[in-house]
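Here's target36.pdb, which has PDB, C-alpha atoms:
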ATOM      1  CA  MET A 293       0.000   0.000   0.000
ATOM      2  CA  LYS A 294       2.751   2.355   0.949
ATOM      3  CA  GLN A 295       4.475   1.771  -2.343
ATOM      4  CA  GLY A 296       1.290   2.635  -4.238
ATOM      5  CA  LYS A 297       0.961   5.913  -2.364
ATOM      6  CA  GLU A 298       4.574   6.796  -3.157
ATOM      7  CA  VAL A 299       3.985   6.182  -6.845
ATOM      8  CA  GLU A 300       0.907   8.439  -6.768
ATOM      9  CA  ASN A 301       2.814  11.210  -4.997
ATOM     10  CA  PRO A 302       3.926  13.744  -7.649
ATOM     11  CA  GLU A 303       7.235  14.448  -5.935
ATOM     12  CA  SER A 304       8.085  10.748  -5.639
ATOM     13  CA  ARG A 305       6.997  10.159  -9.222
ATOM     14  CA  PHE A 306       9.307  12.850 -10.548
ATOM     15  CA  PHE A 307      12.318  11.634  -8.566
ATOM     16  CA  ALA A 308      11.663   8.049  -9.683
ATOM     17  CA  VAL A 309      11.590   9.094 -13.352
ATOM     18  CA  LEU A 310      14.717  11.224 -12.920
ATOM     19  CA  MET A 311      16.594   8.326 -11.336
ATOM     20  CA  ALA A 312      15.464   5.930 -14.063
ATOM     21  CA  ALA A 313      16.486   8.366 -16.791
ATOM     22  CA  ALA A 314      19.909   8.902 -15.234
ATOM     23  CA  LYS A 315      20.596   5.172 -15.549
ATOM     24  CA  LEU A 316      19.816   4.962 -19.265
ATOM     25  CA  PRO A 317      22.755   4.307 -21.621
ATOM     26  CA  GLY A 318      24.274   7.490 -23.004
ATOM     27  CA  VAL A 319      22.551   9.892 -20.620
ATOM     28  CA  ARG A 320      25.534  10.807 -18.480
ATOM     29  CA  ILE A 321      27.902  13.224 -20.170
ATOM     30  CA  ASN A 322      31.622  12.913 -19.494
ATOM     31  CA  ARG A 323      32.542  16.481 -18.547
ATOM     32  CA  GLU A 324      36.169  16.342 -19.713
ATOM     33  CA  ALA A 325      35.405  14.657 -23.032
ATOM     34  CA  TYR A 326      32.520  17.009 -23.750
ATOM     35  CA  LEU A 327      34.414  20.213 -22.988
ATOM     36  CA  ARG A 328      37.385  19.081 -25.032
ATOM     37  CA  SER A 329      35.184  18.239 -28.006
ATOM     38  CA  ALA A 330      32.915  21.291 -27.739
ATOM     39  CA  LEU A 331      35.731  23.812 -27.333
ATOM     40  CA  ALA A 332      38.234  22.250 -29.754
ATOM     41  CA  ARG A 333      37.346  24.485 -32.716
ATOM     42  CA  HIS A 334      37.229  27.694 -30.709
ATOM     43  CA  CYS A 335      39.922  27.628 -28.017
ATOM     44  CA  SER A 336      43.632  27.005 -27.600
ATOM     45  CA  GLU A 337      44.891  23.815 -25.966
ATOM     46  CA  GLU A 338      45.849  25.809 -22.881
ATOM     47  CA  GLU A 339      42.367  27.300 -22.594
ATOM     48  CA  ILE A 340      40.796  23.858 -22.966
ATOM     49  CA  ARG A 341      43.139  22.378 -20.370
ATOM     50  CA  ARG A 342      42.282  25.068 -17.853
ATOM     51  CA  ALA A 343      38.568  24.838 -18.639
ATOM     52  CA  ILE A 344      38.692  21.139 -17.808
ATOM     53  CA  GLU A 345      40.912  21.415 -14.733
ATOM     54  CA  GLU A 346      39.045  24.457 -13.398
ATOM     55  CA  THR A 347      36.135  25.995 -15.330
ATOM     56  CA  PRO A 348      35.562  27.671 -18.699
ATOM     57  CA  ALA A 349      35.125  30.979 -16.847
ATOM     58  CA  ALA A 350      38.464  30.520 -15.066
ATOM     59  CA  ALA A 351      40.036  29.837 -18.467
ATOM     60  CA  GLY A 352      38.850  33.275 -19.602
ATOM     61  CA  ILE A 353      36.416  31.939 -22.211
ATOM     62  CA  THR A 354      33.821  34.609 -22.913
ATOM     63  CA  VAL A 355      30.115  34.088 -22.405
ATOM     64  CA  GLU A 356      29.594  35.062 -26.047
ATOM     65  CA  LEU A 357      31.727  32.144 -27.207
ATOM     66  CA  LEU A 358      30.091  29.794 -24.719
ATOM     67  CA  ASP A 359      26.684  30.858 -26.058
ATOM     68  CA  LYS A 360      27.758  29.857 -29.567
ATOM     69  CA  VAL A 361      28.967  26.462 -28.386
ATOM     70  CA  ALA A 362      25.828  25.998 -26.287
ATOM     71  CA  ASN A 363      23.619  26.716 -29.303
ATOM     72  CA  ASP A 364      25.485  24.039 -31.261
ATOM     73  CA  SER A 365      24.839  21.507 -28.495
ATOM     74  CA  ILE A 366      21.182  22.493 -28.244
ATOM     75  CA  ARG A 367      20.706  22.037 -32.004
ATOM     76  CA  TYR A 368      22.413  18.643 -31.857
ATOM     77  CA  GLU A 369      20.325  17.340 -28.965
ATOM     78  CA  THR A 370      17.081  18.781 -30.327
ATOM     79  CA  ALA A 371      17.586  17.221 -33.742
ATOM     80  CA  LYS A 372      18.368  13.861 -32.185
ATOM     81  CA  VAL A 373      15.495  13.738 -29.732
ATOM     82  CA  SER A 374      13.013  14.952 -32.372
ATOM     83  CA  ALA A 375      14.127  12.349 -34.902
ATOM     84  CA  LEU A 376      13.967   9.547 -32.349
ATOM     85  CA  SER A 377      10.597  10.782 -31.160
ATOM     86  CA  ALA A 378       9.216  10.656 -34.694
ATOM     87  CA  ALA A 379      10.585   7.146 -35.119
ATOM     88  CA  ALA A 380       8.872   6.087 -31.905
ATOM     89  CA  GLY A 381       5.542   7.310 -33.284
ATOM     90  CA  MET A 382       5.646   5.001 -36.312
ATOM     91  CA  PRO A 383       4.529   1.593 -34.925
ATOM     92  CA  GLY A 384       0.971   2.712 -34.166
ATOM     93  CA  ILE A 385      -1.553   1.519 -31.642
ATOM     94  CA  PHE A 386      -0.406  -2.127 -31.479
ATOM     95  CA  ALA A 387       3.014  -1.078 -30.215
ATOM     96  CA  LEU A 388       1.704   1.301 -27.535
ATOM     97  CA  PRO A 389       2.169  -1.109 -24.616
ATOM     98  CA  ALA A 390       5.845  -1.445 -25.547
ATOM     99  CA  THR A 391       6.625   2.181 -26.347
ATOM    100  CA  VAL A 392       4.681   4.347 -23.932
ATOM    101  CA  PRO A 393       6.226   3.117 -20.631
ATOM    102  CA  ALA A 394       9.727   4.048 -21.849
ATOM    103  CA  ASP A 395       8.830   7.393 -23.397
ATOM    104  CA  LEU A 396       8.910   9.541 -20.301
ATOM    105  CA  ALA A 397      12.272   8.271 -19.060
ATOM    106  CA  GLN A 398      13.762   8.609 -22.538
ATOM    107  CA  TYR A 399      12.598  12.192 -22.921
ATOM    108  CA  VAL A 400      13.833  13.097 -19.445
ATOM    109  CA  GLY A 401      17.114  11.415 -20.398
ATOM    110  CA  HIS A 402      17.524  13.868 -23.262
ATOM    111  CA  MET A 403      16.683  16.736 -20.923
ATOM    112  CA  LEU A 404      19.423  15.476 -18.624
ATOM    113  CA  ARG A 405      21.916  15.372 -21.494
ATOM    114  CA  ILE A 406      21.422  19.008 -22.488
ATOM    115  CA  ALA A 407      21.257  20.130 -18.851
ATOM    116  CA  GLN A 408      24.682  18.588 -18.214
ATOM    117  CA  LYS A 409      26.216  20.062 -21.358
ATOM    118  CA  LEU A 410      24.965  23.552 -20.565
ATOM    119  CA  ALA A 411      26.033  23.250 -16.926
ATOM    120  CA  TYR A 412      29.592  22.277 -17.890
ATOM    121  CA  LEU A 413      29.898  25.084 -20.433
ATOM    122  CA  TYR A 414      28.738  27.656 -17.905
ATOM    123  CA  SER A 415      31.202  26.475 -15.238
ATOM    124  CA  TRP A 416      29.171  24.151 -13.041
ATOM    125  CA  PRO A 417      31.041  21.165 -11.543
ATOM    126  CA  ASP A 418      30.838  17.553 -12.683
ATOM    127  CA  LEU A 419      27.355  16.360 -11.775
ATOM    128  CA  PHE A 420      28.067  12.644 -12.148
ATOM    129  CA  ALA A 421      31.637  12.332 -10.906
ATOM    130  CA  ASP A 422      30.766   9.014  -9.270
ATOM    131  CA  GLU A 423      30.938   6.174 -11.775
ATOM    132  CA  GLY A 424      28.198   4.244  -9.989
ATOM    133  CA  GLU A 425      24.580   4.114 -11.120
ATOM    134  CA  GLY A 426      23.280   6.122  -8.185
ATOM    135  CA  VAL A 427      22.711   9.881  -8.065
ATOM    136  CA  ASP A 428      23.623  11.737  -4.864
ATOM    137  CA  ASP A 429      21.061  13.999  -3.230
ATOM    138  CA  ALA A 430      22.807  17.275  -4.118
ATOM    139  CA  THR A 431      22.974  16.328  -7.814
ATOM    140  CA  MET A 432      19.340  15.226  -7.703
ATOM    141  CA  GLY A 433      18.453  18.580  -6.187
ATOM    142  CA  VAL A 434      20.275  20.767  -8.690
ATOM    143  CA  LEU A 435      18.987  18.749 -11.658
ATOM    144  CA  THR A 436      15.452  19.179 -10.346
ATOM    145  CA  LEU A 437      16.021  22.927 -10.202
ATOM    146  CA  PHE A 438      17.448  22.907 -13.738
ATOM    147  CA  PHE A 439      14.262  21.207 -14.908
ATOM    148  CA  GLY A 440      12.252  23.818 -13.030
ATOM    149  CA  VAL A 441      14.130  26.530 -14.934
ATOM    150  CA  MET A 442      13.348  24.722 -18.187
ATOM    151  CA  PHE A 443       9.664  24.914 -17.258
ATOM    152  CA  GLY A 444       9.919  28.627 -16.527
ATOM    153  CA  THR A 445       9.296  28.547 -12.763
ATOM    154  CA  GLN A 446      10.496  31.659 -10.935
ATOM    155  CA  SER A 447      11.326  29.841  -7.699
ATOM    156  CA  ALA A 448      13.663  27.450  -9.525
ATOM    157  CA  ASN A 449      15.333  30.392 -11.288
ATOM    158  CA  ALA A 450      15.971  32.075  -7.956
ATOM    159  CA  ALA A 451      17.224  28.863  -6.336
ATOM    160  CA  VAL A 452      19.681  28.096  -9.159
ATOM    161  CA  GLY A 453      20.968  31.656  -8.878
ATOM    162  CA  LYS A 454      21.440  31.238  -5.131
ATOM    163  CA  VAL A 455      23.362  27.979  -5.588
ATOM    164  CA  ALA A 456      25.568  29.599  -8.231
ATOM    165  CA  GLY A 457      26.195  32.534  -5.911
ATOM    166  CA  MET A 458      27.267  30.236  -3.087
ATOM    167  CA  MET A 459      29.696  28.380  -5.338
ATOM    168  CA  SER A 460      31.092  31.556  -6.881
ATOM    169  CA  LYS A 461      31.784  33.225  -3.539
ATOM    170  CA  GLN A 462      33.324  30.130  -2.032
ATOM    171  CA  VAL A 463      35.281  29.181  -5.180
ATOM    172  CA  ALA A 464      33.676  25.774  -4.778
ATOM    173  CA  LYS A 465      34.238  22.861  -7.126
ATOM    174  CA  LYS A 466      31.358  20.876  -5.700
ATOM    175  CA  LEU A 467      27.665  21.511  -5.201
ATOM    176  CA  PRO A 468      26.640  22.931  -1.795
ATOM    177  CA  GLN A 469      25.436  19.615  -0.387
ATOM    178  CA  LYS A 470      23.881  20.927   2.807
ATOM    179  CA  ALA A 471      21.883  23.741   1.191
ATOM    180  CA  LEU A 472      20.486  21.426  -1.482
ATOM    181  CA  THR A 473      19.538  18.597   0.861
ATOM    182  CA  LYS A 474      18.614  20.170   4.191
ATOM    183  CA  GLY A 475      18.692  23.944   4.204
ATOM    184  CA  VAL A 476      18.103  27.053   2.184
ATOM    185  CA  ILE A 477      17.448  25.431  -1.203
ATOM    186  CA  TYR A 478      15.832  22.145  -0.194
ATOM    187  CA  PRO A 479      12.202  23.368   0.189
ATOM    188  CA  ILE A 480      12.315  24.775  -3.345
ATOM    189  CA  VAL A 481      13.712  21.492  -4.669
ATOM    190  CA  LYS A 482      10.752  19.659  -3.131
ATOM    191  CA  LYS A 483       8.228  22.135  -4.547
ATOM    192  CA  SER A 484       9.829  21.909  -7.978
ATOM    193  CA  ALA A 485       9.755  18.102  -7.913
ATOM    194  CA  ALA A 486       6.086  18.070  -6.891
ATOM    195  CA  TYR A 487       5.153  20.504  -9.650
ATOM    196  CA  LEU A 488       7.060  18.579 -12.320
ATOM    197  CA  GLY A 489       5.519  15.315 -11.131
ATOM    198  CA  VAL A 490       2.037  16.790 -11.552
ATOM    199  CA  GLN A 491       2.850  17.901 -15.084
ATOM    200  CA  MET A 492       4.058  14.415 -15.981
ATOM    201  CA  THR A 493       0.858  12.856 -14.682
ATOM    202  CA  LYS A 494      -1.435  15.374 -16.391
ATOM    203  CA  GLN A 495       0.189  15.084 -19.791
ATOM    204  CA  SER A 496       0.824  11.332 -19.924
ATOM    205  CA  PHE A 497      -2.467  10.144 -21.424
ATOM    206  CA  ALA A 498      -3.150  13.117 -23.698
ATOM    207  CA  LYS A 499       0.230  12.999 -25.394
ATOM    208  CA  GLY A 500       0.134   9.202 -25.690
ATOM    209  CA  VAL A 501      -2.851   9.465 -28.023
ATOM    210  CA  SER A 502      -0.589  11.003 -30.694
ATOM    211  CA  LYS A 503       1.052   7.608 -31.172
ATOM    212  CA  ALA A 504      -2.119   5.676 -31.864
ATOM    213  CA  ILE A 505      -2.137   6.447 -35.607
ATOM    214  CA  PRO A 506       0.924   5.336 -37.609
ATOM    215  CA  VAL A 507       2.780   7.976 -39.692
ATOM    216  CA  ILE A 508       0.507  10.756 -38.437
ATOM    217  CA  GLY A 509       1.605   9.794 -34.939
ATOM    218  CA  ALA A 510       5.234  10.061 -36.041
ATOM    219  CA  VAL A 511       4.754  13.589 -37.328
ATOM    220  CA  VAL A 512       2.877  14.679 -34.210
ATOM    221  CA  SER A 513       5.418  13.078 -31.875
ATOM    222  CA  GLY A 514       8.394  14.669 -33.582
ATOM    223  CA  GLY A 515       6.674  18.041 -33.814
ATOM    224  CA  LEU A 516       5.636  18.084 -30.162
ATOM    225  CA  THR A 517       9.151  17.204 -29.094
ATOM    226  CA  LEU A 518      10.697  19.912 -31.256
ATOM    227  CA  SER A 519       8.249  22.553 -30.080
ATOM    228  CA  THR A 520       8.861  21.840 -26.381
ATOM    229  CA  TYR A 521      12.436  20.577 -26.038
ATOM    230  CA  LEU A 522      14.026  23.479 -27.933
ATOM    231  CA  PRO A 523      12.495  26.345 -25.912
ATOM    232  CA  MET A 524      13.155  24.511 -22.636
ATOM    233  CA  ALA A 525      16.834  24.067 -23.499
ATOM    234  CA  LYS A 526      17.122  27.700 -24.558
ATOM    235  CA  ARG A 527      15.471  28.841 -21.332
ATOM    236  CA  LEU A 528      18.047  26.976 -19.236
ATOM    237  CA  LYS A 529      20.915  28.264 -21.399
ATOM    238  CA  LYS A 530      19.752  31.854 -21.039
ATOM    239  CA  HIS A 531      19.554  31.578 -17.255
ATOM    240  CA  LEU A 532      22.901  29.824 -16.723
ATOM    241  CA  ALA A 533      24.687  32.302 -19.012
ATOM    242  CA  VAL A 534      23.920  35.301 -16.797
ATOM    243  CA  LEU A 535      24.971  33.726 -13.493
ATOM    244  CA  PRO A 536      28.262  34.727 -11.835
ATOM    245  CA  LEU A 537      29.777  31.276 -12.375
ATOM    246  CA  ALA A 538      29.854  31.824 -16.141
ATOM    247  CA  ASP A 539      31.417  35.298 -16.109
ATOM    248  CA  PRO A 540      35.232  35.273 -16.469
ATOM    249  CA  SER A 541      35.404  38.910 -15.360
ATOM    250  CA  ARG A 542      33.925  38.133 -11.961
ATOM    251  CA  GLN A 543      36.567  37.598  -9.314
ATOM    252  CA  ALA A 544      35.657  35.119  -6.587
ATOM    253  CA  SER A 545      35.084  36.821  -3.260
ATOM    254  CA  GLU A 546      37.389  35.816  -0.444
ATOM    255  CA  SER A 547      34.695  36.507   2.097
ATOM    256  CA  GLU A 548      32.538  33.662   3.349
ATOM    257  CA  GLU A 549      29.068  33.098   1.989
ATOM    258  CA  ASP A 550      26.659  35.552   3.626
ATOM    259  CA  VAL A 551      23.936  32.922   3.753
ATOM    260  CA  VAL A 552      24.475  30.007   6.087
ATOM    261  CA  ASP A 553      24.532  26.792   4.066
ATOM    262  CA  GLY A 554      22.019  25.067   6.289
ATOM    263  CA  GLU A 555      19.568  27.930   6.737
ATOM    264  CA  VAL A 556      15.912  27.110   6.249
ATOM    265  CA  VAL A 557      14.123  28.993   3.479
ATOM    266  CA  ALA A 558      11.398  31.428   4.489
ATOM    267  CA  GLU A 559       7.833  30.177   4.558
ATOM    268  CA  HIS A 560       6.660  32.860   2.120
ATOM    269  CA  GLU A 561       8.808  31.472  -0.702
ATOM    270  CA  THR A 562       6.516  31.134  -3.717
ATOM    271  CA  PHE A 563       6.484  28.693  -6.570
ATOM    272  CA  ALA A 564       5.373  30.303  -9.791
ATOM    273  CA  PRO A 565       3.347  28.341 -12.348
ATOM    274  CA  ALA A 566       4.998  27.385 -15.607
ATOM    275  CA  ASP A 567       3.655  27.684 -19.135
ATOM    276  CA  THR A 568       5.482  24.698 -20.560
ATOM    277  CA  GLU A 569       4.114  21.174 -20.860
ATOM    278  CA  LEU A 570       6.200  18.041 -20.780
ATOM    279  CA  PRO A 571       5.559  15.925 -23.902
ATOM    280  CA  ASP A 572       6.132  12.744 -21.969
ATOM    281  CA  ALA A 573       4.308  10.176 -24.061
ATOM    282  CA  ALA A 574       5.101  11.824 -27.389
ATOM    283  CA  THR A 575       8.751  10.982 -27.285
ATOM    284  CA  VAL A 576      11.383   8.382 -27.990
ATOM    285  CA  ALA A 577      11.196   4.715 -27.034
ATOM    286  CA  VAL A 578      14.604   3.570 -28.215
ATOM    287  CA  LYS A 579      17.887   3.555 -26.351
ATOM    288  CA  LEU A 580      19.918   6.733 -26.280
ATOM    289  CA  GLU A 581      23.181   6.638 -28.165
ATOM    290  CA  GLN A 582      26.445   7.163 -26.339
ATOM    291  CA  PRO A 583      27.417  10.797 -25.571
ATOM    292  CA  GLY A 584      28.474  12.644 -28.718
ATOM    293  CA  ALA A 585      29.269  16.173 -29.731
TER     294      ALA A 585
END
This structure in structure tokens:
Amino acid sequence: MKQGKEVENPESRFFAVLMAAAKLPGVRINREAYLRSALARHCSEEEIRRAIEETPAAAGITVELLDKVANDSIRYETAKVSALSAAAGMPGIFALPATVPADLAQYVGHMLRIAQKLAYLYSWPDLFADEGEGVDDATMGVLTLFFGVMFGTQSANAAVGKVAGMMSKQVAKKLPQKALTKGVIYPIVKKSAAYLGVQMTKQSFAKGVSKAIPVIGAVVSGGLTLSTYLPMAKRLKKHLAVLPLADPSRQASESEEDVVDGEVVAEHETFAPADTELPDAATVAVKLEQPGA
């Protein structure tokens, strides 16, 4: 009984899908390999080396250049997820039992891929440094907030900015574990997860109908993916690009963070509604390829 209630809980549902997506083949992006590949045509070997060992901002790489590279990655991921989504719409109604259960995790997997790429370009630390299949709580928290930004929620925007500010002031190479799991950021993580879980539940059946008719379902699936994935990726890119972590001209403050890492967020913190829908059942039902450009 308890398990059934957990599945019905929007917050638990979202975290379960996120965990499942993170375990799919090709979802986790190798930070070093990606930065080396993405920056190879634009930066010197010394700049690339420093970007990998420290951050792109520390290497002096301008936000303008990072924006160009980020747009390339967004186009690559969008084209791939849209093509795979269209392919998943081809089998028609007889294949629905096989395709629909995997759709949501696959789509979230592609969201995870672009979130990692954008995070690494804009000087966030390695989110999956551990080679194991698990995801630590701090990484789970920041990824949830990234998804909230993709959906246009103001609370997630503010929380990501606060996390970036903490890391910038403390010259940190790791996520602020305590703030994301117990203190100042944690309540917003929970609200974001609950909201995203509700969206997944609301959209699941409606979007699954698009697959019932072969060929037409393929066009609808691919189109829905393109029309939602692209603006969500651009929204996250735009937000990460203006944070202090990404700015090479910003010098890290030597003073300690003015907000205690474990402080509890105020009760009046609001969670703004989003205008973006997750096309969960209108997406891909094939395995993701290994990380590419």
Give me the residues near Arg333 in chain A as a list in words, where near means some atom within 12 Å (using only C-alpha atoms) and where sequence neighbours in that chain fewer than 3 positions away do not count. Leu327, Arg328, Ser329, Ala330, Ser336, Glu337, Glu339, Ile340, Leu357, Lys360, Val361, Asp364 and Ala585 of chain A
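Of note, CA of Met403 in chain A and CA of Ser415 in chain A are spaced 18.4 Å apart.
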Could you check which of A:Ser460, A:Gln398, A:Ser484, A:Ser304 is closest to Met442 in chain A, using only C-alpha atoms? A:Ser484
I'd like the contact shell of Lys466 in chain A - 8 Å cut-off, only C-alpha atoms, skipping same-chain residues fewer than 4 positions apart - returned as a PyMOL selection string. chain A and resi 417-418+459
List the spatial neighbours of Glu369 in chain A as a VMD selection string - criterion: any atom at most 8 Å away, only C-alpha atoms, same-chain residues fewer than 5 positions off excluded. chain A and resid 402 405 to 406
Option closest in space to Ala362 in chain A, from A:Leu410, A:Met458, A:Val319, A:Leu310 [counting all atoms listed in the file]: A:Leu410
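Using only C-alpha atoms, the nearest neighbour of Tyr368 in chain A within the list A:Asp539, A:Leu522, A:Gly453, A:Lys530 is A:Leu522.
Distance check against Leu404 in chain A using only C-alpha atoms: of A:Pro479, A:Pro536, A:Gly352, A:Gly318, the minimum falls on A:Gly318.
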Could I get range 430-447 of chain A rebuilt with N, CA, C and O atoms, written as a short mmCIF file (atom, residue, chain, number, x, y, z; two decimals), in the frame of the given file?
data_model
loop_
_atom_site.label_atom_id
_atom_site.label_comp_id
_atom_site.auth_asym_id
_atom_site.auth_seq_id
_atom_site.Cartn_x
_atom_site.Cartn_y
_atom_site.Cartn_z
N ALA A 430 22.53 15.91 -3.65
CA ALA A 430 22.81 17.27 -4.12
C ALA A 430 22.64 17.36 -5.63
O ALA A 430 22.06 18.32 -6.15
N THR A 431 23.13 16.35 -6.36
CA THR A 431 22.97 16.33 -7.81
C THR A 431 21.50 16.21 -8.19
O THR A 431 21.02 16.90 -9.09
N MET A 432 20.77 15.36 -7.47
CA MET A 432 19.34 15.23 -7.70
C MET A 432 18.65 16.57 -7.51
O MET A 432 17.78 16.97 -8.30
N GLY A 433 19.06 17.30 -6.47
CA GLY A 433 18.45 18.58 -6.19
C GLY A 433 18.71 19.61 -7.27
O GLY A 433 17.79 20.30 -7.72
N VAL A 434 19.96 19.73 -7.70
CA VAL A 434 20.27 20.77 -8.69
C VAL A 434 19.68 20.42 -10.06
O VAL A 434 19.24 21.31 -10.80
N LEU A 435 19.62 19.14 -10.40
CA LEU A 435 18.99 18.75 -11.66
C LEU A 435 17.49 19.05 -11.63
O LEU A 435 16.91 19.47 -12.64
N THR A 436 16.86 18.84 -10.49
CA THR A 436 15.45 19.18 -10.35
C THR A 436 15.24 20.67 -10.57
O THR A 436 14.30 21.09 -11.26
N LEU A 437 16.13 21.48 -10.02
CA LEU A 437 16.02 22.93 -10.20
C LEU A 437 16.27 23.32 -11.65
O LEU A 437 15.61 24.23 -12.19
N PHE A 438 17.21 22.64 -12.31
CA PHE A 438 17.45 22.91 -13.74
C PHE A 438 16.18 22.63 -14.54
O PHE A 438 15.82 23.39 -15.44
N PHE A 439 15.51 21.53 -14.22
CA PHE A 439 14.26 21.21 -14.91
C PHE A 439 13.21 22.27 -14.62
O PHE A 439 12.42 22.64 -15.49
N GLY A 440 13.19 22.76 -13.38
CA GLY A 440 12.25 23.82 -13.03
C GLY A 440 12.50 25.07 -13.86
O GLY A 440 11.56 25.73 -14.31
N VAL A 441 13.78 25.39 -14.08
CA VAL A 441 14.13 26.53 -14.93
C VAL A 441 13.64 26.29 -16.35
O VAL A 441 13.11 27.18 -17.02
N MET A 442 13.81 25.06 -16.85
CA MET A 442 13.35 24.72 -18.19
C MET A 442 11.84 24.96 -18.33
O MET A 442 11.36 25.33 -19.40
N PHE A 443 11.11 24.73 -17.24
CA PHE A 443 9.66 24.91 -17.26
C PHE A 443 9.26 26.35 -16.95
O PHE A 443 8.08 26.66 -16.91
N GLY A 444 10.21 27.22 -16.73
CA GLY A 444 9.92 28.63 -16.53
C GLY A 444 9.44 29.01 -15.15
O GLY A 444 8.77 30.02 -14.98
N THR A 445 9.75 28.23 -14.11
CA THR A 445 9.30 28.55 -12.76
C THR A 445 10.24 29.54 -12.10
O THR A 445 11.46 29.35 -12.09
N GLN A 446 9.70 30.60 -11.53
CA GLN A 446 10.50 31.66 -10.94
C GLN A 446 11.27 31.18 -9.71
O GLN A 446 12.41 31.61 -9.47
N SER A 447 10.66 30.33 -8.90
CA SER A 447 11.33 29.84 -7.70
C SER A 447 12.58 29.05 -8.05
O SER A 447 13.61 29.16 -7.38
#
